[in-house]
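Shown here: target.cif, mmCIF, C-alpha atoms and all ligand atoms.
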```cif
data_input
loop_
_atom_site.label_atom_id
_atom_site.label_comp_id
_atom_site.auth_asym_id
_atom_site.auth_seq_id
_atom_site.Cartn_x
_atom_site.Cartn_y
_atom_site.Cartn_z
CA MET A 1 0.00 0.00 0.00
CA LEU A 2 2.81 2.40 0.89
CA ASN A 3 4.44 1.72 -2.43
CA GLY A 4 7.98 1.08 -1.19
CA SER A 5 8.22 4.52 0.41
CA PRO A 6 11.10 5.07 2.86
CA ASN A 7 10.20 4.02 6.40
CA PRO A 8 11.42 5.46 8.73
CA VAL A 9 11.56 8.91 7.19
CA ASP A 10 12.64 12.36 8.43
CA VAL A 11 9.37 14.13 7.58
CA PHE A 12 5.91 12.72 6.94
CA VAL A 13 3.41 15.20 5.44
CA ALA A 14 -0.33 14.56 5.83
CA GLY A 15 -2.12 16.37 2.97
CA GLY A 16 -0.89 17.18 -0.52
CA GLY A 17 -2.61 20.51 -1.20
CA PRO A 18 -0.50 23.66 -1.80
CA ALA A 19 0.67 23.86 1.83
CA GLY A 20 1.66 20.19 2.12
CA LEU A 21 3.52 20.20 -1.21
CA ALA A 22 5.28 23.45 -0.33
CA ALA A 23 6.33 22.09 3.09
CA ALA A 24 7.57 18.85 1.50
CA ILE A 25 9.60 20.80 -1.08
CA ALA A 26 11.04 23.09 1.61
CA ALA A 27 12.07 20.11 3.75
CA ARG A 28 13.79 18.46 0.75
CA ARG A 29 15.68 21.71 0.14
CA HIS A 30 17.20 21.15 3.58
CA GLY A 31 18.20 17.58 2.69
CA LEU A 32 15.50 15.81 4.73
CA SER A 33 13.79 12.66 3.43
CA VAL A 34 10.06 13.26 2.90
CA VAL A 35 6.96 11.12 2.35
CA LEU A 36 3.65 12.88 1.60
CA ALA A 37 0.20 11.23 1.57
CA ASP A 38 -3.15 12.60 0.39
CA GLY A 39 -6.51 10.87 0.19
CA ALA A 40 -7.35 12.47 -3.18
CA VAL A 41 -6.13 12.00 -6.74
CA PRO A 42 -4.09 14.75 -8.43
CA PRO A 43 -4.52 17.27 -9.86
CA ILE A 44 -6.56 18.28 -6.80
CA ASP A 45 -9.14 21.01 -7.32
CA LYS A 46 -10.58 23.23 -4.59
CA SER A 47 -12.98 26.11 -4.21
CA CYS A 48 -10.66 29.11 -4.53
CA GLY A 49 -10.62 32.59 -6.09
CA GLU A 50 -7.37 31.46 -7.80
CA GLY A 51 -5.58 34.76 -7.33
CA LEU A 52 -1.92 34.47 -6.40
CA MET A 53 -0.81 37.88 -5.14
CA PRO A 54 2.69 39.22 -5.90
CA ASP A 55 3.95 38.25 -2.43
CA GLY A 56 2.62 34.72 -3.09
CA VAL A 57 4.43 34.55 -6.44
CA GLU A 58 7.61 35.66 -4.68
CA ALA A 59 7.15 33.06 -1.93
CA LEU A 60 6.74 30.38 -4.58
CA HIS A 61 9.95 31.54 -6.31
CA GLN A 62 11.76 31.26 -2.99
CA LEU A 63 10.78 27.58 -2.93
CA GLY A 64 12.35 27.27 -6.39
CA ILE A 65 9.02 27.09 -8.25
CA MET A 66 8.46 29.23 -11.34
CA ILE A 67 5.08 29.32 -13.04
CA PRO A 68 5.58 28.40 -16.70
CA ARG A 69 4.25 30.80 -19.33
CA GLY A 70 0.75 29.88 -20.44
CA GLU A 71 -0.20 28.20 -17.15
CA ALA A 72 -1.42 31.42 -15.55
CA TYR A 73 -2.76 34.86 -16.44
CA PRO A 74 -0.91 37.87 -15.06
CA PHE A 75 -2.94 40.72 -13.55
CA ARG A 76 -1.56 44.01 -12.36
CA GLY A 77 -3.75 45.22 -9.54
CA ILE A 78 -7.05 45.20 -7.69
CA ARG A 79 -10.28 47.04 -8.49
CA PHE A 80 -13.02 47.51 -5.91
CA VAL A 81 -16.55 47.99 -7.26
CA SER A 82 -19.28 49.02 -4.84
CA ASP A 83 -22.57 50.92 -4.99
CA GLY A 84 -21.84 52.48 -8.38
CA THR A 85 -18.28 53.55 -7.50
CA GLN A 86 -14.95 52.05 -8.54
CA ALA A 87 -11.41 52.37 -7.25
CA GLU A 88 -8.33 50.63 -8.53
CA ALA A 89 -4.59 50.51 -7.95
CA ALA A 90 -1.68 48.61 -9.44
CA PHE A 91 0.56 46.48 -7.23
CA PRO A 92 3.75 48.32 -6.27
CA ARG A 93 5.64 45.31 -7.55
CA GLY A 94 4.26 42.40 -9.43
CA PRO A 95 2.83 40.70 -11.22
CA ALA A 96 0.13 38.64 -9.60
CA TYR A 97 -1.31 35.59 -11.34
CA GLY A 98 -4.72 34.10 -11.86
CA ILE A 99 -4.07 30.36 -11.96
CA ARG A 100 -6.43 27.38 -12.04
CA ARG A 101 -5.98 25.32 -8.88
CA THR A 102 -5.49 22.18 -10.96
CA HIS A 103 -2.64 23.86 -12.89
CA LEU A 104 -0.97 25.09 -9.69
CA HIS A 105 -1.33 21.62 -8.18
CA ARG A 106 0.18 19.90 -11.23
CA ILE A 107 3.15 22.33 -11.26
CA MET A 108 3.79 21.78 -7.55
CA VAL A 109 3.40 17.99 -7.75
CA ASN A 110 5.94 17.84 -10.60
CA HIS A 111 8.35 20.01 -8.64
CA ALA A 112 7.93 17.90 -5.48
CA ALA A 113 8.50 14.66 -7.41
CA ALA A 114 11.58 16.10 -9.12
CA SER A 115 13.01 17.19 -5.79
CA GLY A 116 12.70 13.67 -4.37
CA VAL A 117 9.50 13.80 -2.31
CA HIS A 118 7.90 10.36 -2.13
CA LEU A 119 4.24 10.97 -3.07
CA LEU A 120 1.33 8.71 -2.08
CA TRP A 121 -2.09 9.54 -3.58
CA GLN A 122 -5.48 8.04 -2.68
CA THR A 123 -3.84 7.29 0.63
CA PRO A 124 -5.65 8.85 3.62
CA VAL A 125 -3.88 9.47 6.89
CA THR A 126 -5.91 7.71 9.57
CA GLY A 127 -4.23 8.69 12.83
CA LEU A 128 -1.13 9.71 14.76
CA HIS A 129 1.16 7.26 16.55
CA PRO A 130 3.84 7.92 19.20
CA GLU A 131 6.43 7.06 16.52
CA GLY A 132 4.86 8.76 13.48
CA ALA A 133 1.56 8.50 11.61
CA LEU A 134 -0.92 5.83 10.56
CA VAL A 135 -1.29 5.85 6.83
CA ALA A 136 -4.05 3.72 5.33
CA GLY A 137 -3.81 1.70 8.56
CA GLU A 138 0.01 1.19 8.41
CA LEU A 139 2.61 2.89 10.60
CA VAL A 140 5.04 5.30 8.94
CA ARG A 141 7.81 6.07 11.42
CA ALA A 142 8.79 9.71 11.13
CA ARG A 143 10.89 12.16 13.09
CA TRP A 144 8.38 14.90 12.22
CA VAL A 145 4.73 14.73 11.18
CA VAL A 146 3.41 17.77 9.30
CA GLY A 147 -0.37 18.31 9.35
CA ALA A 148 -1.26 20.01 6.04
CA ASP A 149 -4.75 18.58 5.79
CA GLY A 150 -6.67 21.82 5.39
CA ALA A 151 -9.12 23.91 7.43
CA SER A 152 -10.93 20.91 8.96
CA SER A 153 -7.62 19.28 9.91
CA ARG A 154 -7.93 15.96 11.69
CA VAL A 155 -4.21 15.98 12.44
CA ARG A 156 -4.79 19.17 14.43
CA ALA A 157 -7.55 17.47 16.45
CA TRP A 158 -5.49 14.28 16.97
CA ALA A 159 -2.55 16.37 18.25
CA LYS A 160 -4.89 18.37 20.54
CA LEU A 161 -3.87 21.62 18.89
CA ASP A 162 -7.46 22.80 18.45
CA ARG A 163 -7.37 25.59 21.03
CA HIS A 164 -7.77 28.85 19.19
CA GLU A 165 -7.36 32.53 19.98
CA PRO A 166 -10.46 34.16 21.56
CA ASP A 167 -11.52 36.03 18.38
CA ALA A 168 -11.84 32.85 16.40
CA THR A 169 -14.45 30.30 15.48
CA SER A 170 -15.32 27.15 17.42
CA ASP A 171 -13.49 24.21 16.00
CA ALA A 172 -16.39 21.84 16.33
CA THR A 173 -17.82 23.96 13.54
CA LEU A 174 -14.86 23.44 11.29
CA ASN A 175 -14.47 19.76 11.83
CA ALA A 176 -17.60 19.08 9.79
CA PRO A 177 -16.97 16.35 7.24
CA GLN A 178 -15.23 17.44 4.04
CA ASN A 179 -15.15 21.12 5.00
CA SER A 180 -18.30 21.63 2.94
CA PRO A 181 -20.87 24.40 3.38
CA GLN A 182 -23.66 21.82 3.32
CA ASN A 183 -22.18 19.92 6.25
CA ALA A 184 -21.13 22.81 8.47
CA PRO A 185 -23.24 23.53 11.56
CA GLN A 186 -24.30 27.08 12.44
CA ASN A 187 -21.67 29.61 13.49
CA LYS A 188 -21.80 33.35 13.08
CA ASN A 189 -18.12 33.76 12.19
CA LEU A 190 -18.12 31.24 9.45
CA ARG A 191 -18.36 32.29 5.80
CA PHE A 192 -19.05 30.26 2.74
CA GLY A 193 -17.26 30.42 -0.55
CA PHE A 194 -18.27 29.15 -3.97
CA ARG A 195 -16.43 29.38 -7.21
CA ARG A 196 -17.25 28.79 -10.85
CA HIS A 197 -15.33 29.38 -14.09
CA TYR A 198 -16.86 31.15 -17.08
CA ARG A 199 -15.63 31.03 -20.66
CA VAL A 200 -15.17 34.69 -21.56
CA THR A 201 -12.27 36.92 -22.61
CA PRO A 202 -11.13 38.81 -19.47
CA TRP A 203 -12.32 42.41 -19.76
CA THR A 204 -9.58 43.74 -17.51
CA ASP A 205 -6.07 43.03 -16.23
CA PHE A 206 -7.23 43.77 -12.67
CA MET A 207 -8.72 41.34 -10.20
CA GLU A 208 -12.15 42.77 -9.40
CA LEU A 209 -13.80 42.68 -6.00
CA HIS A 210 -17.51 43.52 -6.15
CA TRP A 211 -19.09 44.42 -2.84
CA GLY A 212 -22.75 43.53 -2.43
CA ARG A 213 -25.26 43.77 0.40
CA HIS A 214 -24.90 40.18 1.59
CA CYS A 215 -21.84 38.91 -0.19
CA GLN A 216 -18.71 39.77 -2.09
CA VAL A 217 -17.88 38.45 -5.53
CA TYR A 218 -14.41 38.50 -6.95
CA VAL A 219 -13.39 37.87 -10.49
CA THR A 220 -9.92 36.67 -11.40
CA PRO A 221 -8.79 36.30 -15.01
CA VAL A 222 -7.18 32.83 -15.23
CA SER A 223 -6.51 32.56 -18.97
CA HIS A 224 -7.09 34.46 -22.23
CA GLU A 225 -10.54 32.91 -22.41
CA GLU A 226 -11.61 32.21 -18.86
CA VAL A 227 -12.36 33.97 -15.58
CA CYS A 228 -12.82 32.48 -12.12
CA VAL A 229 -15.78 33.94 -10.21
CA ALA A 230 -15.73 33.40 -6.44
CA LEU A 231 -18.53 34.35 -4.09
CA VAL A 232 -18.04 34.71 -0.35
CA SER A 233 -21.01 35.17 1.93
CA SER A 234 -22.17 34.85 5.52
CA ASN A 235 -25.80 35.34 4.61
CA PRO A 236 -27.78 34.16 7.67
CA GLN A 237 -31.00 34.01 5.66
CA MET A 238 -29.67 31.06 3.75
CA ARG A 239 -29.60 28.89 6.88
CA LEU A 240 -32.20 26.19 6.89
CA GLY A 241 -32.54 24.57 10.30
CA GLN A 242 -29.20 22.97 11.13
CA ARG A 243 -28.15 22.90 7.50
CA ILE A 244 -26.58 25.84 5.73
CA LEU A 245 -26.79 26.19 2.02
CA GLY A 246 -24.79 29.41 1.64
CA GLN A 247 -25.65 31.88 -1.10
CA ARG A 248 -25.28 30.32 -4.52
CA MET A 249 -23.63 31.90 -7.48
CA GLU A 250 -26.58 32.30 -9.84
CA ASP A 251 -28.81 33.90 -7.15
CA ALA A 252 -26.04 36.20 -6.01
CA LEU A 253 -25.06 37.58 -9.41
CA GLY A 254 -28.47 39.28 -9.57
CA GLU A 255 -27.07 41.75 -7.03
CA PHE A 256 -24.32 42.80 -9.47
CA PRO A 257 -25.99 43.96 -12.71
CA GLU A 258 -22.78 45.02 -14.48
CA LEU A 259 -21.18 41.65 -13.73
CA LEU A 260 -24.31 39.82 -14.80
CA THR A 261 -24.22 41.67 -18.14
CA ARG A 262 -20.67 40.49 -18.72
CA LEU A 263 -21.33 36.91 -17.70
CA LYS A 264 -24.84 36.25 -18.96
CA GLU A 265 -23.70 35.09 -22.41
CA ALA A 266 -20.65 33.27 -21.05
CA GLU A 267 -20.71 29.51 -20.85
CA PRO A 268 -19.89 28.07 -17.40
CA ALA A 269 -16.57 26.21 -17.74
CA SER A 270 -16.72 24.29 -14.45
CA SER A 271 -19.29 23.21 -11.94
CA GLU A 272 -19.85 25.20 -8.76
CA ARG A 273 -17.56 24.16 -5.90
CA GLY A 274 -17.91 25.30 -2.29
CA ALA A 275 -15.84 25.50 0.89
CA ILE A 276 -15.91 27.28 4.22
CA THR A 277 -13.59 30.15 5.08
CA VAL A 278 -12.72 31.82 8.38
CA THR A 279 -10.03 33.97 9.96
CA ARG A 280 -8.62 32.31 13.05
CA ARG A 281 -5.39 31.70 14.89
CA PHE A 282 -4.45 28.80 17.14
CA ARG A 283 -2.60 29.11 20.40
CA ARG A 284 -0.02 26.54 19.27
CA VAL A 285 0.94 25.09 15.92
CA TYR A 286 3.06 22.19 17.17
CA ARG A 287 3.09 19.58 19.87
CA GLY A 288 5.87 17.02 20.22
CA ARG A 289 6.75 15.78 16.75
CA THR A 290 3.52 17.07 15.10
CA VAL A 291 3.41 20.49 13.45
CA LEU A 292 0.76 22.28 11.35
CA VAL A 293 1.03 24.32 8.15
CA GLY A 294 -1.39 26.08 5.76
CA ASP A 295 -5.11 26.19 6.54
CA ALA A 296 -4.64 23.42 9.13
CA SER A 297 -2.61 25.90 11.19
CA GLY A 298 -5.20 28.72 11.01
CA GLY A 299 -5.96 31.09 8.19
CA VAL A 300 -7.49 34.26 6.88
CA ASP A 301 -10.85 34.88 5.22
CA ALA A 302 -10.89 34.17 1.48
CA ILE A 303 -11.67 37.83 0.79
CA THR A 304 -7.98 38.67 1.36
CA GLY A 305 -6.71 36.34 -1.40
CA GLU A 306 -3.72 35.67 0.89
CA GLY A 307 -4.25 31.99 1.86
CA LEU A 308 -1.79 30.57 -0.66
CA CYS A 309 0.89 33.14 0.07
CA LEU A 310 0.65 32.44 3.80
CA ALA A 311 0.93 28.70 3.18
CA PHE A 312 4.07 29.12 1.02
CA ARG A 313 5.75 31.44 3.50
CA GLN A 314 4.95 29.18 6.43
CA ALA A 315 6.30 26.20 4.48
CA ALA A 316 9.64 27.91 3.83
CA LEU A 317 10.02 28.72 7.54
CA LEU A 318 8.92 25.24 8.52
CA GLY A 319 11.60 23.68 6.29
CA GLU A 320 14.29 25.63 8.19
CA SER A 321 12.83 24.74 11.59
CA LEU A 322 12.52 21.03 10.78
CA ALA A 323 16.15 21.01 9.68
CA SER A 324 17.32 22.71 12.88
CA GLY A 325 14.81 20.83 15.07
CA ASP A 326 13.53 24.12 16.49
CA LEU A 327 9.74 24.14 16.19
CA ALA A 328 9.39 26.89 18.81
CA ARG A 329 11.04 29.21 16.27
CA TYR A 330 8.53 28.15 13.63
CA GLN A 331 5.65 28.90 16.00
CA GLU A 332 7.06 32.36 16.69
CA SER A 333 7.52 33.20 12.99
CA HIS A 334 4.11 31.71 12.15
CA ARG A 335 2.47 34.07 14.63
CA ARG A 336 4.31 37.05 13.08
CA LEU A 337 3.40 36.02 9.52
CA MET A 338 -0.31 35.88 10.36
CA ARG A 339 -0.49 39.44 11.75
CA ARG A 340 -0.75 41.50 8.55
CA PRO A 341 -3.15 39.23 6.62
CA ALA A 342 -5.33 38.86 9.74
CA LEU A 343 -5.46 42.65 10.11
CA MET A 344 -6.37 43.04 6.42
CA ALA A 345 -9.09 40.39 6.81
CA ARG A 346 -10.58 42.26 9.78
CA MET A 347 -10.54 45.57 7.88
CA MET A 348 -12.15 44.07 4.78
CA LEU A 349 -14.82 42.24 6.76
CA PHE A 350 -15.57 45.46 8.64
CA MET A 351 -16.13 47.15 5.26
CA ALA A 352 -18.33 44.24 4.20
CA GLN A 353 -20.48 44.49 7.33
CA HIS A 354 -20.81 48.30 7.41
CA PRO A 355 -22.22 49.57 4.09
CA HIS A 356 -22.24 53.19 5.24
CA LEU A 357 -18.53 53.12 6.07
CA ARG A 358 -17.84 51.22 2.86
CA ARG A 359 -19.54 53.90 0.75
CA ARG A 360 -17.45 56.58 2.49
CA THR A 361 -14.25 54.59 2.07
CA MET A 362 -15.02 53.99 -1.60
CA ARG A 363 -15.56 57.73 -2.13
CA VAL A 364 -12.14 58.36 -0.57
CA PHE A 365 -10.47 55.63 -2.63
CA GLN A 366 -12.05 57.02 -5.79
CA SER A 367 -11.06 60.61 -5.18
CA SER A 368 -7.64 59.80 -3.70
CA PRO A 369 -6.04 56.92 -5.59
CA ARG A 370 -2.94 57.18 -3.35
CA SER A 371 -5.04 56.00 -0.37
CA PHE A 372 -6.08 52.88 -2.24
CA ALA A 373 -2.55 52.30 -3.53
CA GLY A 374 -1.25 52.61 0.06
CA MET A 375 -3.74 50.06 1.32
CA LEU A 376 -2.93 47.67 -1.51
CA ALA A 377 0.81 47.98 -0.82
CA MET A 378 0.18 47.07 2.80
CA HIS A 379 -2.04 44.18 1.73
CA VAL A 380 0.74 42.58 -0.30
CA GLY A 381 3.44 43.36 2.24
CA ALA A 382 5.28 46.00 0.17
CA GLY A 383 6.77 49.08 1.82
CA SER A 384 7.89 49.68 5.38
CA THR A 385 5.88 49.87 8.61
CA ARG A 386 6.45 53.63 8.50
CA ASP A 387 4.83 53.76 5.01
CA HIS A 388 1.85 51.76 6.27
CA ILE A 389 1.37 54.03 9.28
CA ALA A 390 1.56 57.09 7.01
CA SER A 391 -1.01 55.54 4.61
CA GLY A 392 -3.27 54.64 7.55
CA ILE A 393 -3.15 58.19 8.89
CA ALA A 394 -3.79 59.66 5.42
CA LEU A 395 -6.77 57.34 4.91
CA GLY A 396 -8.16 58.16 8.38
CA TRP A 397 -7.85 61.87 7.65
CA ASP A 398 -9.51 61.54 4.22
CA LEU A 399 -12.33 59.55 5.83
CA LEU A 400 -12.90 62.25 8.42
CA LYS A 401 -13.12 64.85 5.65
CA ALA A 402 -15.39 62.70 3.42
C1 LIG A 501 -13.92 30.50 -1.72
C2 LIG A 501 -12.45 30.61 -1.44
C3 LIG A 501 -11.68 31.46 -2.21
C4 LIG A 501 -10.30 31.57 -1.96
N1 LIG A 501 -9.56 32.37 -2.77
C5 LIG A 501 -8.23 32.48 -2.60
C6 LIG A 501 -7.44 33.26 -3.48
O1 LIG A 501 -7.93 33.86 -4.43
N2 LIG A 501 -6.09 33.33 -3.24
C7 LIG A 501 -5.51 32.67 -2.19
O2 LIG A 501 -4.29 32.77 -2.02
N3 LIG A 501 -6.23 31.89 -1.36
C8 LIG A 501 -7.58 31.77 -1.53
N4 LIG A 501 -8.31 30.95 -0.71
C9 LIG A 501 -7.62 30.22 0.37
C10 LIG A 501 -6.86 29.00 -0.18
O3 LIG A 501 -7.72 28.23 -1.00
C11 LIG A 501 -6.35 28.15 0.98
O4 LIG A 501 -5.66 28.98 1.88
C12 LIG A 501 -5.42 27.03 0.49
O5 LIG A 501 -6.13 26.10 -0.30
C13 LIG A 501 -4.80 26.30 1.68
O6 LIG A 501 -4.05 25.20 1.22
P1 LIG A 501 -3.84 23.93 2.17
O7 LIG A 501 -2.91 23.05 1.43
O8 LIG A 501 -3.53 24.38 3.54
O9 LIG A 501 -5.29 23.24 2.27
P2 LIG A 501 -6.14 22.50 1.16
O10 LIG A 501 -5.99 23.16 -0.15
O11 LIG A 501 -7.51 22.38 1.74
O12 LIG A 501 -5.46 21.05 1.05
C14 LIG A 501 -5.60 20.08 2.07
C15 LIG A 501 -5.28 18.71 1.47
O13 LIG A 501 -5.31 17.75 2.53
C16 LIG A 501 -5.90 16.56 2.04
N5 LIG A 501 -6.40 15.81 3.19
C17 LIG A 501 -7.37 16.17 4.07
N6 LIG A 501 -7.52 15.23 5.01
C18 LIG A 501 -6.61 14.26 4.74
C19 LIG A 501 -6.28 13.01 5.34
N7 LIG A 501 -6.88 12.55 6.45
N8 LIG A 501 -5.30 12.26 4.79
C20 LIG A 501 -4.64 12.69 3.67
N9 LIG A 501 -4.94 13.85 3.05
C21 LIG A 501 -5.89 14.60 3.57
C22 LIG A 501 -6.98 17.05 1.08
O14 LIG A 501 -7.31 16.04 0.13
C23 LIG A 501 -6.30 18.25 0.43
O15 LIG A 501 -5.62 17.90 -0.75
C24 LIG A 501 -9.69 30.83 -0.92
C25 LIG A 501 -10.48 29.97 -0.13
C26 LIG A 501 -11.84 29.86 -0.37
C27 LIG A 501 -12.66 28.93 0.49
#
```
Please express the file's structure as C-alpha cells.
Amino acid sequence: MLNGSPNPVDVFVAGGGPAGLAAAIAARRHGLSVVLADGAVPPIDKSCGEGLMPDGVEALHQLGIMIPRGEAYPFRGIRFVSDGTQAEAAFPRGPAYGIRRTHLHRIMVNHAAASGVHLLWQTPVTGLHPEGALVAGELVRARWVVGADGASSRVRAWAKLDRHEPDATSDATLNAPQNSPQNAPQNKNLRFGFRRHYRVTPWTDFMELHWGRHCQVYVTPVSHEEVCVALVSSNPQMRLGQRILGQRMEDALGEFPELLTRLKEAEPASSERGAITVTRRFRRVYRGRTVLVGDASGGVDAITGEGLCLAFRQAALLGESLASGDLARYQESHRRLMRRPALMARMMLFMAQHPHLRRRTMRVFQSSPRSFAGMLAMHVGAGSTRDHIASGIALGWDLLKA
C-alpha cells in the first residue's frame, strides 16, 4: 500500500494541497527525506478565487518554483466595485497571477516529485502514533509529522492543537466532514465560498472585488478565455434549520448587474464548488513531533486572497525549523506572519459588514487613488511599517473629511 516509500523517514506530510507540497519541497531543500500522503487524486481542485498575489508569487519563487508561461494569467492590480463607484490601484511590484488550482497543483506535484518527495495519492492518513503516523492503517515512522490537511484538519484534532485565539471560530464547527458548506453547523463567524469558471475573454487586467449587500464576488482572469468567479457570503437568511446552504452563485449575481451583463452570455466552464472560510489563529501550531502548516494551522478569510501566500511562506520557515529541530522558532515566525493578513481580513470584513462606512471609504479611494494604492501595498506586504502608518493616517484623515 505504501508503495515502497522510505520508512522510517525524516518528515511525513499529511495532505498534498499547496501547503503540504510546499512544506515537503522546503524540507527536501534542507536535505530531509520526505513522504507525503493525500486521500485524493491529483490534480486536486478546490474552491478558490485562484488569485496568487505578488507576495505569493515571490514566496513560490523562494521555494524554487516558477510558473511556466501559459499556465497562468498575469494581472496588475485590484479594483473595488461598490454601490456604483470604482477604485483601482496597481501592485507596487508584481505581477500577480490568476491560476487554475489544478494547474498550480500539477506544477507543484511535478516540482515535489523532481526534488525527491515520495508521493502517495489516494492514501488517507488515519491517525497519529507515538512514533509517526498511521497511513491507510500502516505505521510510517517519522521524526516529524506535518499536518497540512486543510481547514478541517484531523491531524490538528489528533494532536490536541485545536485551542484557538479568543476572536476565532469554534473548532467543532470546522471539523464538519469534508469542509463543505452543506455539512457545516451554524456559526456566526463562518463564511461560505463558492467558485465557478466562465468562458469569456477577461475584460480587464485587474482582479475585481464587487461588494454587495450580503456577499462579495471576486473575479480573477485565469486565462485568455476564462475567468474564475468566487462568491463569499455569511448570509444568515440562507440557513435552513441545522443545514446551511450558503448563497449560490446564480442567485447572487443578480445583485451585481454590471457583472451579470458580462457573464450572462458566457458559458460556465466548471461546476460550482464550495468551501468554508474563516479567519482564526491557534494558540499553538506544534506539539511534540507534530506540526501544522497552511489552513490546518489557522488562516485568513478568502476575501484577502492571501491563503496561498501564507501557506508558502509558512512552508519555507517550517523547512528551516525542521532542519534545525527548532519548532518553537517556527511557532514564533508563524504568529508574526499571520499578523498583517489577519489585520487586512478584519478591515475588509468590517467594510463588508458596514455599508455606510464602505460607501465613504469607496468615495475616498475614488477621489484619492494614493489611499487605495497605500492600502494595496500594505495588503501585499510591500513598503515599510512607517509607510503603512503614514497611509493609515492619510486614509483616516480623508475619511474624516469625506
Ligand atoms: C472561496 C475561497 C476562495 C479563496 N480564494 C483564494 C485566493 O484567491 N487566493 C488565495 O491565495 N487563497 C484563496 N483561498 C484560500 C486557499 O484556498 C487556501 O488557503 C489554500 O487552499 C490552503 O491550502 P492547504 O494546502 O492548507 O489546504 P487544502 O488546499 O484544503 O489542502 C488540504 C489537502 O489535505 C488533504 N487531506 C485532508 N484530510 C486528509 C487526510 N486525512 N489524509 C490525507 N490527506 C488529507 C486534502 O485532500 C487536500 O488535498 C480561498 C479559499 C476559499 C474557500
Using all atoms listed in the file, what residues lie at most 7 Å away from (2.9, 16.6, 4.9) (file coordinates), given as number ranges by chain?
A: 12-16, 20, 23-24, 36-37, 145-148
Any chance you could export the current selection's C-alpha atoms as a CSV table (one decimal), in the frame of the given file?
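Listing of again.csv after writing:
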```csv
chain,number,residue,atom,x,y,z
A,12,PHE,CA,5.9,12.7,6.9
A,13,VAL,CA,3.4,15.2,5.4
A,14,ALA,CA,-0.3,14.6,5.8
A,15,GLY,CA,-2.1,16.4,3.0
A,16,GLY,CA,-0.9,17.2,-0.5
A,20,GLY,CA,1.7,20.2,2.1
A,23,ALA,CA,6.3,22.1,3.1
A,24,ALA,CA,7.6,18.8,1.5
A,36,LEU,CA,3.6,12.9,1.6
A,37,ALA,CA,0.2,11.2,1.6
A,145,VAL,CA,4.7,14.7,11.2
A,146,VAL,CA,3.4,17.8,9.3
A,147,GLY,CA,-0.4,18.3,9.4
A,148,ALA,CA,-1.3,20.0,6.0
```
Pick from A:Ser115, A:Thr304, A:Ser82, A:Asn3: nearest to ligand LIG 501 (chain A), with all atoms listed in the file counted?
A:Thr304
Selection: 8 Å around Leu63 in chain A, all atoms listed in the file, excl. self and same-chain fewer than 6 positions, as a ChimeraX atom specification
/A:22,25-26,312,316
Distance filter 6 Å around ligand LIG 501 (chain A), atoms: all atoms listed in the file, out as a ChimeraX atom specification
/A:14-20,37-40,47-52,124-126,148-150,193-194,230,275-277,294-296,302,305-309
May I have the residues within 12 Å of Arg329 in chain A as a PyMOL selection string, using all atoms listed in the file and disregarding those fewer than 2 positions away in the same chain?
chain A and resi 284-286+291+314+317-327+331-336
Next, dump the selected residues to file, keeping only C-alpha atoms, as an mmCIF file, in the frame of the given file.
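Okay, part-v4.cif is ready:
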```
data_model
loop_
_atom_site.group_PDB
_atom_site.id
_atom_site.type_symbol
_atom_site.label_atom_id
_atom_site.label_comp_id
_atom_site.auth_asym_id
_atom_site.auth_seq_id
_atom_site.Cartn_x
_atom_site.Cartn_y
_atom_site.Cartn_z
ATOM 1 C CA ARG A 284 -0.020 26.540 19.270
ATOM 2 C CA VAL A 285 0.940 25.090 15.920
ATOM 3 C CA TYR A 286 3.060 22.190 17.170
ATOM 4 C CA VAL A 291 3.410 20.490 13.450
ATOM 5 C CA GLN A 314 4.950 29.180 6.430
ATOM 6 C CA LEU A 317 10.020 28.720 7.540
ATOM 7 C CA LEU A 318 8.920 25.240 8.520
ATOM 8 C CA GLY A 319 11.600 23.680 6.290
ATOM 9 C CA GLU A 320 14.290 25.630 8.190
ATOM 10 C CA SER A 321 12.830 24.740 11.590
ATOM 11 C CA LEU A 322 12.520 21.030 10.780
ATOM 12 C CA ALA A 323 16.150 21.010 9.680
ATOM 13 C CA SER A 324 17.320 22.710 12.880
ATOM 14 C CA GLY A 325 14.810 20.830 15.070
ATOM 15 C CA ASP A 326 13.530 24.120 16.490
ATOM 16 C CA LEU A 327 9.740 24.140 16.190
ATOM 17 C CA GLN A 331 5.650 28.900 16.000
ATOM 18 C CA GLU A 332 7.060 32.360 16.690
ATOM 19 C CA SER A 333 7.520 33.200 12.990
ATOM 20 C CA HIS A 334 4.110 31.710 12.150
ATOM 21 C CA ARG A 335 2.470 34.070 14.630
ATOM 22 C CA ARG A 336 4.310 37.050 13.080
#
```
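Using all atoms listed in the file, the contacts of Leu139 in chain A at a cut-off of 12 Å, with sequence neighbours closer than 3 positions omitted, comprise Met1, Leu2, Ser5, Pro6, Asn7, Pro8, Val9, Phe12, Val125, Thr126, Gly127, Leu128, His129, Pro130, Glu131, Gly132, Ala133, Leu134, Val135, Ala136 and Ala142 of chain A.
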